[in-house]
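Structure first, then comments.
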Amino acid sequence: MALESDLMTLLRAECPRVHVGTAPYGTQQPYVTWQHIGGESLRYTDNTPADKRQPLIQLNVWDTPALAAFELIQRIVERLCLADAFQAEPLGEPILAYDDADIATGYLLTFSILGDR
């Protein structure tokens with residue numbers, strides 16, 4: 001869980017409200033949610049786990065107006081890509097999104113992150 005702890009620390013440096021999965025209803029904006037969405041399973045040839053992991057992490061940044069969320073996710077991209085704790089690569093550009101109730105606007109972006117197991 002070292003990778004996830006490092007991720008939480010870096011995300012909270014840009015936004016103090018960071019939640020795994022979903023945020024509680026009524027969470028003050030801006031806020032960030034993130035989740036594992038698969039990734040590369042790193043194992044040695046003898047099938048023992050490597051000392052690194054490479055999950056795909058989806059970041060979801062929520063704020064109103066939408067361009068405020070876009071600015072926040074851009075700052076997060078820079079912070080993650082320059083991090084010493086792990087190697088992060090954004091897989092594309094942010095995608096505009098709306099929450100299930102069409103109340104909050106946000107941007108989503110998937111990262112491949114290589115970090116300590």
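Ligands are numbered from 1 in the order shown, residues from 1 within each chain, and chains are lettered A, B, ... in the order they appear in the structure tokens.
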
Polymer residues at most 9 Å from range 52-64 of chain A, only C-alpha atoms, same-chain spacing of 4 or more positions, as a ChimeraX atom specification:
/A:3,28-43,68-70,72-73,97-99,104-117

Name the residues of range 2-117 of chain A that fall into helix (DSSP H, G or I) according to DSSP on the backbone, using the chain letters and numbers of this document, as an MDAnalysis selection string.
chainID A and resid 2:14 66:81

So that I can see what lies close to Arg79 in chain A, please list as a PyMOL selection string the residues with an atom at most 10 Å from it, counting only C-alpha atoms and leaving out residues fewer than 6 positions away in the same chain.
chain A and resi 10-11+13-14+73+88

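Separating CA of Leu82 in chain A from CA of Ala50 in chain A is a distance of 23.3 Å.
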
Find the residue from A:Leu91, A:Pro65, A:Val20, A:Asp51 that sits nearest to Val77 in chain A; use only C-alpha atoms when measuring.
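Closest to Val77 in chain A of all the choices is A:Leu91.
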
In chain A, DSSP strand (DSSP E or B) residues written as a count of residues only
46

Do you have the CA of Leu7 in chain A-CA of Asn47 in chain A distance handy?
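It comes out at 26.8 Å.
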
Give me, please, the distance in Å between CA of Thr9 in chain A and CA of Ile76 in chain A, quoted to one decimal.
11.6 Å
